[in-house]
Structures are given as structure tokens and as C-alpha cells.
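**Student:** Just one file: entry.txt, with compact mmCIF, C-alpha atoms.
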# COMPACT_ATOMS: atom_id res chain seq x y z
CA MET A 1 20.02 -108.25 9.44
CA TRP A 2 21.56 -106.53 12.38
CA ARG A 3 22.75 -109.91 13.50
CA LEU A 4 25.52 -109.38 10.97
CA GLY A 5 27.12 -106.69 13.05
CA LYS A 6 26.78 -108.55 16.32
CA ASN A 7 30.31 -108.48 17.71
CA LYS A 8 30.89 -104.89 16.76
CA MET A 9 27.58 -103.89 18.28
CA LYS A 10 28.43 -105.75 21.45
CA LYS A 11 31.60 -103.76 21.81
CA THR A 12 29.77 -100.48 21.22
CA ASN A 13 27.05 -101.38 23.65
CA LYS A 14 29.53 -102.21 26.34
CA MET A 15 30.94 -98.73 25.95
CA GLU A 16 27.46 -97.28 26.05
CA GLU A 17 26.60 -99.18 29.21
CA GLN A 18 29.68 -97.89 30.95
CA LYS A 19 28.96 -94.34 29.88
CA ASN A 20 25.30 -94.60 30.73
CA GLU A 21 26.09 -95.44 34.33
CA THR A 22 27.47 -91.97 34.72
CA THR A 23 25.39 -89.99 32.24
CA ASN A 24 21.92 -91.49 32.54
CA THR A 25 20.62 -88.80 34.81
CA GLY A 26 18.57 -85.64 34.55
CA SER A 27 17.49 -84.30 31.18
CA THR A 28 19.36 -86.97 29.19
CA ASN A 29 17.09 -89.63 30.66
CA ASP A 30 14.22 -88.82 28.31
CA THR A 31 11.93 -91.79 27.74
CA THR A 32 9.44 -90.22 25.33
CA PRO A 33 8.66 -93.02 22.85
CA LYS A 34 10.05 -91.74 19.54
CA VAL A 35 12.66 -91.99 16.81
CA THR A 36 16.02 -90.40 17.66
CA GLY A 37 18.07 -91.08 14.54
CA ILE A 38 18.76 -93.21 11.49
CA GLY A 39 20.16 -96.63 12.37
CA GLY A 40 20.51 -98.08 8.92
CA ILE A 41 19.94 -97.79 5.20
CA PHE A 42 19.34 -100.94 3.19
CA PHE A 43 18.69 -101.10 -0.54
CA PHE A 44 18.26 -103.62 -3.33
CA SER A 45 21.10 -104.35 -5.68
CA ASP A 46 21.41 -106.73 -8.65
CA ASN A 47 24.83 -107.68 -7.39
CA PRO A 48 25.47 -106.73 -3.74
CA LYS A 49 29.06 -108.00 -3.87
CA GLU A 50 29.98 -105.76 -6.81
CA THR A 51 28.06 -102.84 -5.29
CA LYS A 52 30.03 -103.14 -2.06
CA GLU A 53 33.28 -103.33 -4.02
CA TRP A 54 32.33 -100.23 -6.02
CA TYR A 55 31.57 -98.22 -2.89
CA ALA A 56 34.74 -99.44 -1.18
CA LYS A 57 36.93 -98.56 -4.17
CA ASN A 58 35.35 -95.29 -5.27
CA LEU A 59 33.81 -93.82 -2.13
CA GLY A 60 36.06 -95.36 0.50
CA LEU A 61 33.36 -97.22 2.43
CA GLU A 62 34.92 -99.76 4.74
CA MET A 63 33.07 -103.06 4.85
CA ASN A 64 33.15 -105.10 8.02
CA GLU A 65 33.51 -108.87 8.01
CA TRP A 66 29.73 -109.23 7.63
CA GLY A 67 29.75 -107.19 4.47
CA ALA A 68 28.06 -104.06 5.80
CA CYS A 69 29.53 -100.61 6.29
CA SER A 70 29.10 -99.11 9.73
CA PHE A 71 29.19 -95.31 10.10
CA GLU A 72 29.85 -94.02 13.58
CA SER A 73 28.51 -90.87 15.19
CA ARG A 74 27.81 -89.67 18.72
CA ASN A 75 24.57 -89.05 20.55
CA VAL A 76 23.96 -85.31 20.46
CA ASN A 77 22.68 -85.28 24.06
CA LYS A 78 25.25 -87.74 25.39
CA PRO A 79 28.47 -87.05 23.45
CA ASP A 80 30.29 -89.98 25.08
CA GLU A 81 27.90 -92.44 23.50
CA ILE A 82 28.95 -93.84 20.12
CA ASN A 83 26.07 -94.66 17.78
CA SER A 84 26.30 -96.62 14.57
CA LEU A 85 24.47 -96.56 11.26
CA GLN A 86 24.55 -99.66 9.10
CA TRP A 87 24.68 -99.37 5.31
CA SER A 88 24.11 -102.47 3.27
CA PRO A 89 22.95 -103.48 -0.21
CA PHE A 90 20.67 -106.53 -0.33
CA LYS A 91 20.11 -108.94 -3.19
CA LYS A 92 17.20 -107.60 -5.27
CA GLY A 93 13.95 -109.24 -4.24
CA SER A 94 15.19 -110.10 -0.74
CA GLU A 95 12.40 -111.28 1.54
CA TYR A 96 13.80 -108.99 4.21
CA PHE A 97 11.93 -105.98 2.82
CA ALA A 98 8.62 -107.87 2.35
CA PRO A 99 5.76 -107.06 2.40
CA SER A 100 7.09 -103.70 1.15
CA LYS A 101 7.51 -103.50 -2.61
CA LYS A 102 10.09 -100.74 -2.39
CA GLU A 103 13.76 -100.97 -3.29
CA PHE A 104 14.95 -99.61 0.04
CA MET A 105 14.30 -99.95 3.75
CA ILE A 106 15.27 -97.56 6.52
CA ASN A 107 16.12 -98.53 10.08
CA TYR A 108 15.37 -95.88 12.70
CA ARG A 109 16.91 -95.69 16.16
CA VAL A 110 14.22 -95.31 18.80
CA GLN A 111 14.00 -94.80 22.53
CA ASN A 112 11.45 -96.69 24.65
CA ILE A 113 10.50 -99.22 21.96
CA GLU A 114 7.81 -100.87 24.13
CA GLY A 115 6.13 -97.52 24.75
CA LEU A 116 6.41 -96.66 21.08
CA VAL A 117 4.87 -99.96 19.94
CA ASN A 118 1.97 -99.50 22.38
CA LYS A 119 1.41 -96.02 21.02
CA LEU A 120 1.57 -97.26 17.41
CA LYS A 121 -0.95 -100.03 18.16
CA GLU A 122 -3.31 -97.50 19.72
CA ASN A 123 -2.85 -95.33 16.61
CA GLY A 124 -3.78 -98.27 14.38
CA VAL A 125 -0.36 -98.54 12.69
CA THR A 126 0.41 -101.90 11.04
CA ILE A 127 2.92 -103.85 13.13
CA VAL A 128 4.54 -106.56 10.98
CA ASP A 129 6.05 -108.73 13.73
CA GLU A 130 6.82 -108.72 17.44
CA ILE A 131 9.67 -107.15 19.36
CA ALA A 132 12.74 -109.37 18.98
CA THR A 133 15.44 -108.97 21.62
CA TYR A 134 19.13 -109.53 20.96
CA ASP A 135 22.10 -108.57 23.10
CA TYR A 136 22.66 -105.55 20.83
CA GLY A 137 19.13 -104.25 21.02
CA LYS A 138 15.44 -104.72 20.36
CA PHE A 139 13.87 -104.74 16.90
CA ILE A 140 10.41 -104.57 15.40
CA HIS A 141 9.08 -103.92 11.90
CA ILE A 142 6.12 -101.75 11.02
CA MET A 143 4.56 -100.34 7.84
CA ASP A 144 4.25 -96.64 7.14
CA THR A 145 1.28 -94.99 5.48
CA GLU A 146 2.51 -95.80 1.94
CA GLY A 147 3.54 -99.42 2.44
CA ASN A 148 7.22 -98.84 3.24
CA LYS A 149 8.49 -101.38 5.72
CA ILE A 150 10.34 -99.70 8.57
CA GLU A 151 12.78 -101.31 10.97
CA LEU A 152 12.74 -99.83 14.48
CA TRP A 153 15.75 -100.47 16.67
CA GLU A 154 16.32 -99.63 20.29
CA PRO A 155 20.03 -100.20 20.83
CA ASN A 156 20.91 -101.99 24.04
CA MET B 1 87.16 -83.73 -27.06
CA LYS B 2 86.30 -87.33 -26.24
CA LYS B 3 86.61 -86.48 -22.54
CA ILE B 4 84.13 -83.62 -22.81
CA THR B 5 81.62 -85.83 -24.65
CA LEU B 6 81.95 -88.49 -21.92
CA ILE B 7 81.39 -85.89 -19.20
CA ILE B 8 78.29 -84.56 -20.97
CA ILE B 9 76.91 -88.09 -21.39
CA ALA B 10 77.65 -88.85 -17.72
CA LEU B 11 75.92 -85.64 -16.60
CA ALA B 12 72.93 -86.26 -18.84
CA THR B 13 72.63 -89.85 -17.61
CA SER B 14 72.78 -88.86 -13.95
CA PHE B 15 70.25 -86.09 -14.60
CA CYS B 16 67.88 -88.60 -16.19
CA PHE B 17 68.43 -91.05 -13.35
CA GLY B 18 67.75 -88.33 -10.83
CA PHE B 19 64.55 -87.42 -12.62
CA ALA B 20 63.48 -91.04 -12.78
CA PHE B 21 64.15 -91.51 -9.07
CA LYS B 22 62.25 -88.36 -8.23
CA SER B 23 59.26 -89.61 -10.25
CA ILE B 24 59.34 -92.97 -8.53
CA ILE B 25 59.59 -91.41 -5.09
CA THR B 26 56.83 -88.87 -5.78
CA ASN B 27 54.57 -91.60 -7.15
CA ASN B 28 55.10 -93.64 -4.02
CA ILE B 29 54.22 -90.69 -1.84
CA ASN B 30 51.06 -90.03 -3.87
CA ASP B 31 50.03 -93.64 -3.55
CA ASN B 32 50.46 -93.42 0.20
CA ILE B 33 48.30 -90.35 0.65
CA LYS B 34 44.84 -91.84 0.60
CA ILE B 35 42.22 -89.25 -0.10
CA LYS B 36 39.46 -89.08 2.47
CA ARG B 37 36.26 -90.06 0.74
CA VAL B 38 32.82 -90.59 2.32
CA THR B 39 32.66 -89.92 6.07
CA SER B 40 28.99 -90.63 6.80
CA ILE B 41 25.41 -90.49 5.56
CA GLY B 42 24.18 -86.97 4.81
CA GLY B 43 20.66 -87.85 3.84
CA ILE B 44 18.09 -90.32 2.64
CA PHE B 45 15.54 -89.25 0.04
CA PHE B 46 12.72 -91.43 -1.27
CA LYS B 47 9.74 -91.17 -3.58
CA CYS B 48 6.19 -91.31 -2.33
CA LYS B 49 2.68 -90.44 -3.51
CA ASP B 50 2.01 -87.71 -0.96
CA PRO B 51 5.02 -86.07 0.77
CA ASN B 52 2.76 -83.90 3.00
CA LYS B 53 0.94 -86.93 4.30
CA MET B 54 4.23 -88.77 4.79
CA ARG B 55 5.79 -85.96 6.82
CA GLU B 56 2.64 -85.77 8.91
CA TRP B 57 2.60 -89.54 9.46
CA TYR B 58 6.21 -89.66 10.65
CA LYS B 59 5.59 -86.66 12.91
CA THR B 60 2.45 -88.13 14.48
CA HIS B 61 3.59 -91.71 14.91
CA LEU B 62 7.37 -91.62 15.20
CA GLY B 63 7.95 -88.21 16.76
CA PHE B 64 9.83 -86.54 13.87
CA ASN B 65 10.24 -82.77 14.12
CA THR B 66 9.29 -81.99 10.55
CA ASN B 67 9.54 -78.93 8.35
CA ARG B 68 8.45 -78.48 4.73
CA TYR B 69 11.45 -80.51 3.49
CA GLY B 70 11.17 -83.44 5.88
CA THR B 71 13.35 -83.60 8.95
CA VAL B 72 16.98 -83.16 9.92
CA PHE B 73 18.59 -85.69 12.22
CA GLU B 74 21.15 -84.11 14.53
CA TRP B 75 24.17 -85.95 15.91
CA ARG B 76 27.80 -85.35 16.89
CA GLN B 77 30.86 -86.40 14.97
CA ALA B 78 32.54 -89.60 16.14
CA THR B 79 36.03 -88.18 15.71
CA ASP B 80 35.27 -84.84 17.41
CA SER B 81 32.33 -84.63 19.79
CA SER B 82 32.44 -80.82 19.80
CA LYS B 83 31.32 -80.86 16.15
CA LYS B 84 27.74 -81.52 15.22
CA GLY B 85 26.62 -83.39 12.14
CA PHE B 86 23.31 -83.53 10.30
CA SER B 87 21.46 -85.97 8.04
CA GLN B 88 18.51 -84.89 5.95
CA TRP B 89 15.42 -87.10 5.60
CA SER B 90 13.04 -86.13 2.81
CA PRO B 91 10.12 -87.77 1.05
CA PHE B 92 9.78 -86.57 -2.58
CA LYS B 93 6.74 -86.57 -4.81
CA ASP B 94 7.00 -89.65 -7.08
CA SER B 95 6.96 -87.43 -10.17
CA THR B 96 10.22 -85.74 -9.09
CA HIS B 97 13.06 -85.41 -11.60
CA TYR B 98 15.57 -85.04 -8.78
CA PHE B 99 16.66 -88.69 -8.85
CA GLU B 100 17.10 -88.81 -12.64
CA PRO B 101 18.70 -90.42 -14.56
CA SER B 102 18.31 -93.08 -11.86
CA ALA B 103 15.02 -94.96 -12.06
CA LYS B 104 15.17 -95.99 -8.39
CA ASP B 105 12.70 -94.91 -5.73
CA PHE B 106 15.40 -93.70 -3.35
CA MET B 107 18.58 -91.64 -3.35
CA ILE B 108 21.31 -91.49 -0.71
CA ASN B 109 23.36 -88.42 0.15
CA TYR B 110 26.87 -89.10 1.42
CA ARG B 111 28.93 -86.61 3.42
CA VAL B 112 32.49 -86.23 2.11
CA ALA B 113 35.60 -84.51 3.50
CA ASP B 114 37.06 -83.01 0.32
CA LEU B 115 34.66 -82.79 -2.62
CA GLU B 116 37.06 -81.20 -5.16
CA GLY B 117 39.75 -83.79 -4.44
CA LEU B 118 37.26 -86.64 -4.57
CA VAL B 119 35.70 -85.51 -7.87
CA GLU B 120 39.17 -85.34 -9.44
CA GLU B 121 39.86 -88.90 -8.29
CA LEU B 122 36.49 -90.17 -9.48
CA LYS B 123 37.03 -88.61 -12.90
CA LYS B 124 40.38 -90.39 -13.18
CA GLU B 125 38.67 -93.63 -12.17
CA GLY B 126 36.06 -93.21 -14.92
CA VAL B 127 33.06 -92.71 -12.64
CA THR B 128 30.09 -90.89 -14.23
CA ILE B 129 29.86 -87.36 -12.85
CA LEU B 130 26.41 -85.95 -13.65
CA ASP B 131 26.94 -82.25 -12.98
CA THR B 132 29.50 -79.76 -11.72
CA ILE B 133 30.16 -78.84 -8.09
CA GLU B 134 27.53 -76.41 -6.78
CA SER B 135 28.53 -74.30 -3.77
CA TYR B 136 26.16 -72.93 -1.14
CA ASN B 137 27.05 -71.49 2.24
CA TYR B 138 25.96 -74.77 3.87
CA GLY B 139 28.16 -76.89 1.63
CA LYS B 140 29.16 -78.12 -1.79
CA PHE B 141 27.27 -80.69 -3.82
CA VAL B 142 27.80 -82.91 -6.83
CA HIS B 143 25.92 -85.90 -8.23
CA ILE B 144 27.40 -89.11 -9.60
CA LEU B 145 26.13 -92.53 -10.73
CA ASP B 146 27.14 -95.74 -8.98
CA ALA B 147 27.81 -99.07 -10.71
CA GLU B 148 24.07 -99.89 -10.85
CA ARG B 149 23.02 -96.42 -12.00
CA ASN B 150 21.81 -95.22 -8.62
CA LYS B 151 22.18 -91.47 -8.50
CA VAL B 152 24.39 -90.55 -5.57
CA GLU B 153 24.51 -87.11 -3.97
CA LEU B 154 27.88 -86.11 -2.52
CA TRP B 155 27.93 -83.28 0.04
CA GLU B 156 30.85 -81.56 1.66
CA PRO B 157 28.91 -79.95 4.49
CA ASN B 158 29.41 -76.72 6.35
CA ASP B 159 27.59 -77.88 9.48
CA ILE B 160 27.71 -74.52 11.25
CA GLU B 161 25.94 -72.78 8.36
CA TYR B 162 23.57 -75.71 7.93
CA GLU B 163 22.54 -75.44 11.58
CA LYS B 164 22.03 -71.67 11.22
CA LEU B 165 19.78 -72.26 8.23
CA GLY B 166 17.55 -74.56 10.29
CA VAL B 167 17.36 -71.99 13.08
CA GLN B 168 16.43 -69.27 10.56
CA MET B 169 13.65 -71.49 9.25
CA GLY B 170 12.45 -72.02 12.82
CA SER B 171 12.87 -75.78 12.40
CA LYS B 172 13.65 -78.22 15.17
CA THR B 173 15.87 -81.21 14.49
CA THR B 174 15.05 -84.80 15.36
CA LYS B 175 17.44 -86.26 17.94
Can you turn what I pasted into C-alpha cells?

**Tutor:**
Amino acid sequence: MWRLGKNKMKKTNKMEEQKNETTNTGSTNDTTPKVTGIGGIFFFSDNPKETKEWYAKNLGLEMNEWGACSFESRNVNKPDEINSLQWSPFKKGSEYFAPSKKEFMINYRVQNIEGLVNKLKENGVTIVDEIATYDYGKFIHIMDTEGNKIELWEPN
Amino acid sequence: MKKITLIIIALATSFCFGFAFKSIITNNINDNIKIKRVTSIGGIFFKCKDPNKMREWYKTHLGFNTNRYGTVFEWRQATDSSKKGFSQWSPFKDSTHYFEPSAKDFMINYRVADLEGLVEELKKEGVTILDTIESYNYGKFVHILDAERNKVELWEPNDIEYEKLGVQMGSKTTK
């Protein structure tokens, strides 16, 4: 569902690329395969349109043209790098969370997604699909120990 | 005598007009000052069968630095890179009452800039406020219900104190 935020992500990634040219050295160039932050929170809603309107009106969330809200922060180790967290309600029962039966799904930002997936396979973790590559990053879905589907995202 | 009455009426009328104008102008100003509401995500909480096992799983497989509450994600604020920000991640036992009266299996915490101001606005707008503002040294909290009866936690953080608390607990953040 990250495809929704494509253009915005492109812009952010361009900035990141430029910054990385100068900052990707020394201790900031850690490639340990792991999660580094939350990249998104998705949850079921009976009426996503009304839910978005409620959050826009009452809590001031600004929806982008794809209907998601994007919160910006900075990488704690590389303060010049802008990171984004996507918030979006999904129509209840959406296939996007399957095979999870939960009402929410969390997207985690990761570094070294290939290394992480290899490690997860070795550890016997259920991998739902394969790494999909877009210009704004790489994605894969896995299951945690209690059947929650997790989206892993390595931003480009 | 007639003259005096006319003067009084004229004065009274201009006074009323002045008052009316002042009200209109003040209203316009109030409309223009948009209260800052949610600034980012402060936490994600979800129900599970075994929180210990969950914390352990996320530590082993995804590299979370966990403590007894879950983990804290550390970042910097987009508008001021000198300021840090934190988001709490916590699995809760599925028997928890913490999400009530919501029946959902998750709860989101939103960071806000001015909790008192926001609660006043939300009351005016008829939003269900579940409790009263609780203050701790690491921030102020209140809980509300959204349009679909999801319980929502609002947090006006004190990030400096929140960071200190983590250090005191000997916890490492995930970043």
C-alpha cells in the first residue's frame, strides 16, 4: 500500500540520496540486519473515508492525495535524513492484512533487508512473500509468533 | 431635552456597533489561529496472548532493544533536528482493560503539542473524552474515543524527561 505515497516518497528519497553521499561514512554506515523504526500503522475501519475525515477534523491529521497521513521525523543517527511514517485506515476485511486475522498491521523500517530476510529464514520465521522492489524501497511481509502480519520496509 | 435623548441614543448605538465590530474581529482572529493538534505517533499498543514471548520474539528476530514494557523507538523531530522524539511499542496481555471501552485489539498513542488546548476544542466539538488529563514528569495524557469507538491515547510529551526515565531503567532504545 506504500505505492499510494509514491511521489512523496520519491521526493524524500532523493533528499536522502543526496544526504547519504556525504553522511554514509563511519559509524552511521551500520548494516546490521534489523528494525530501526516504525514505518507505518494500518488498521481496519468500517468506513475509512469517515475515519480519515474524523481524524482530519478533530486531530488535525493531514491526508495526502492518496488518502494516507504521512508523519515526518529524522533519523536519530543521521539528522539530515527525513523519514516518514504512514498512517492509514483500511476497509475492514481488507485482503492486505491476510493471512493475519488482526485488525491492525504495523510496518517497520529496516536496514539491510536481504540480510534480515536470510536471518529470518535461518531462524524459521514464516515469510509470506518475496522482496518486492520499488523506487521508494524494498518490501516483504512476514508473520510474527502470534500470527500478526508484519510489513518490513527498507526505504531506498 | 430632545437633543440630549438623541445624543444618548447616538452614543448607545455607536457603543453597540463598536461592541459588535469587536466581536466580529475577535471571532475572525480566533478562527485564524488554528490550534496545533497531533504532531506524530507516540506509540502503538496491541493485544497478544503472551507479551513476554512477543518481546522476546521481536528482540531475537528483528533486533528490538526491549525492556519489560516493550521497546522505545528513538528519532529526531522533523522541524528541529536538535530535539529527539520517542514512540513506544508495547504488546499487552489480551485480558488487559487498558483499551476499554474499545473492543479493538490495538490502540494508538498520538503525540500532541498542546493537550489542554486540544481537549477544550474536542469538548466543544462533542468528542467523547474518557478521563481527565493526567500529568507525569514525562508528559500529560488523556484518552478519547474516535468515530468508530477506538480508544485513542493523546500524549503531550516531555521528551527530555522521557529519555531520562529510559536511562534510569537501563533501557536501550531501538533506532

**Student:** So that I can see what lies close to Gln88 in chain B, please list as an NGL selection string the residues with an atom at most 7 Å from it, counting all atoms listed in the file and leaving out residues fewer than 2 positions away in the same chain.

**Tutor:** :B and (42-44 or 71-73 or 86 or 90)

**Student:** Which residue, A:Ser84, A:Ser73, A:Leu59, A:Lys119, has the smallest gap to Leu154 in chain B when you use only C-alpha atoms?

**Tutor:**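 Of the candidates, the smallest distance to Leu154 in chain B is held by A:Leu59.
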
**Student:** To one decimal place, how far is CA of Glu134 in chain B from CA of Trp155 in chain B in Å?

**Tutor:**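 That distance, rounded to one decimal, is 9.7 Å.
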
**Student:** I'd like to know which of A:Gly67, A:Phe90, A:Leu120, A:Glu62 is closest to chain B, using all atoms listed in the file.

**Tutor:**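 Using all atoms listed in the file, the shortest distance to chain B belongs to A:Leu120.
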
**Student:** Residues of chain A within 9 Å of chain B, counting only C-alpha atoms, what are they? List them as a PyMOL selection string.

**Tutor:** chain A and resi 32-38+41+43+45-47+50-51+54-55+58-61+70-77+79-80+82-83+85+87+102-104+106+110+116+119-120+123+125+144-146

**Student:** Do you have the CA of Lys124 in chain B-CA of Lys57 in chain A distance handy?

**Tutor:**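 If I compute the distance from CA of Lys124 in chain B to CA of Lys57 in chain A, I get 12.6 Å.
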
**Student:** Box in all listed atoms of range 102-116 of chain B, axis-aligned, with 6 Å more on each side; write out centre and edge lengths in Å to one decimal as lines of an AutoDock Vina configuration file.

**Tutor:**
center_x = 24.9
center_y = -88.6
center_z = -4.3
size_x = 36.4
size_y = 26.8
size_z = 27.6

**Student:** To one decimal place, how far is CA of Glu100 in chain B from CA of Ser171 in chain B in Å?

**Tutor:** 28.5 Å

**Student:** Counting all atoms listed in the file, figure out which residue out of A:Glu81, A:Glu154, A:Glu53, A:Glu130 gets nearest to Asn112 in chain A.

**Tutor:**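 Checking each of A:Glu81, A:Glu154, A:Glu53, A:Glu130 against Asn112 in chain A, counting all atoms listed in the file, the winner is A:Glu154.
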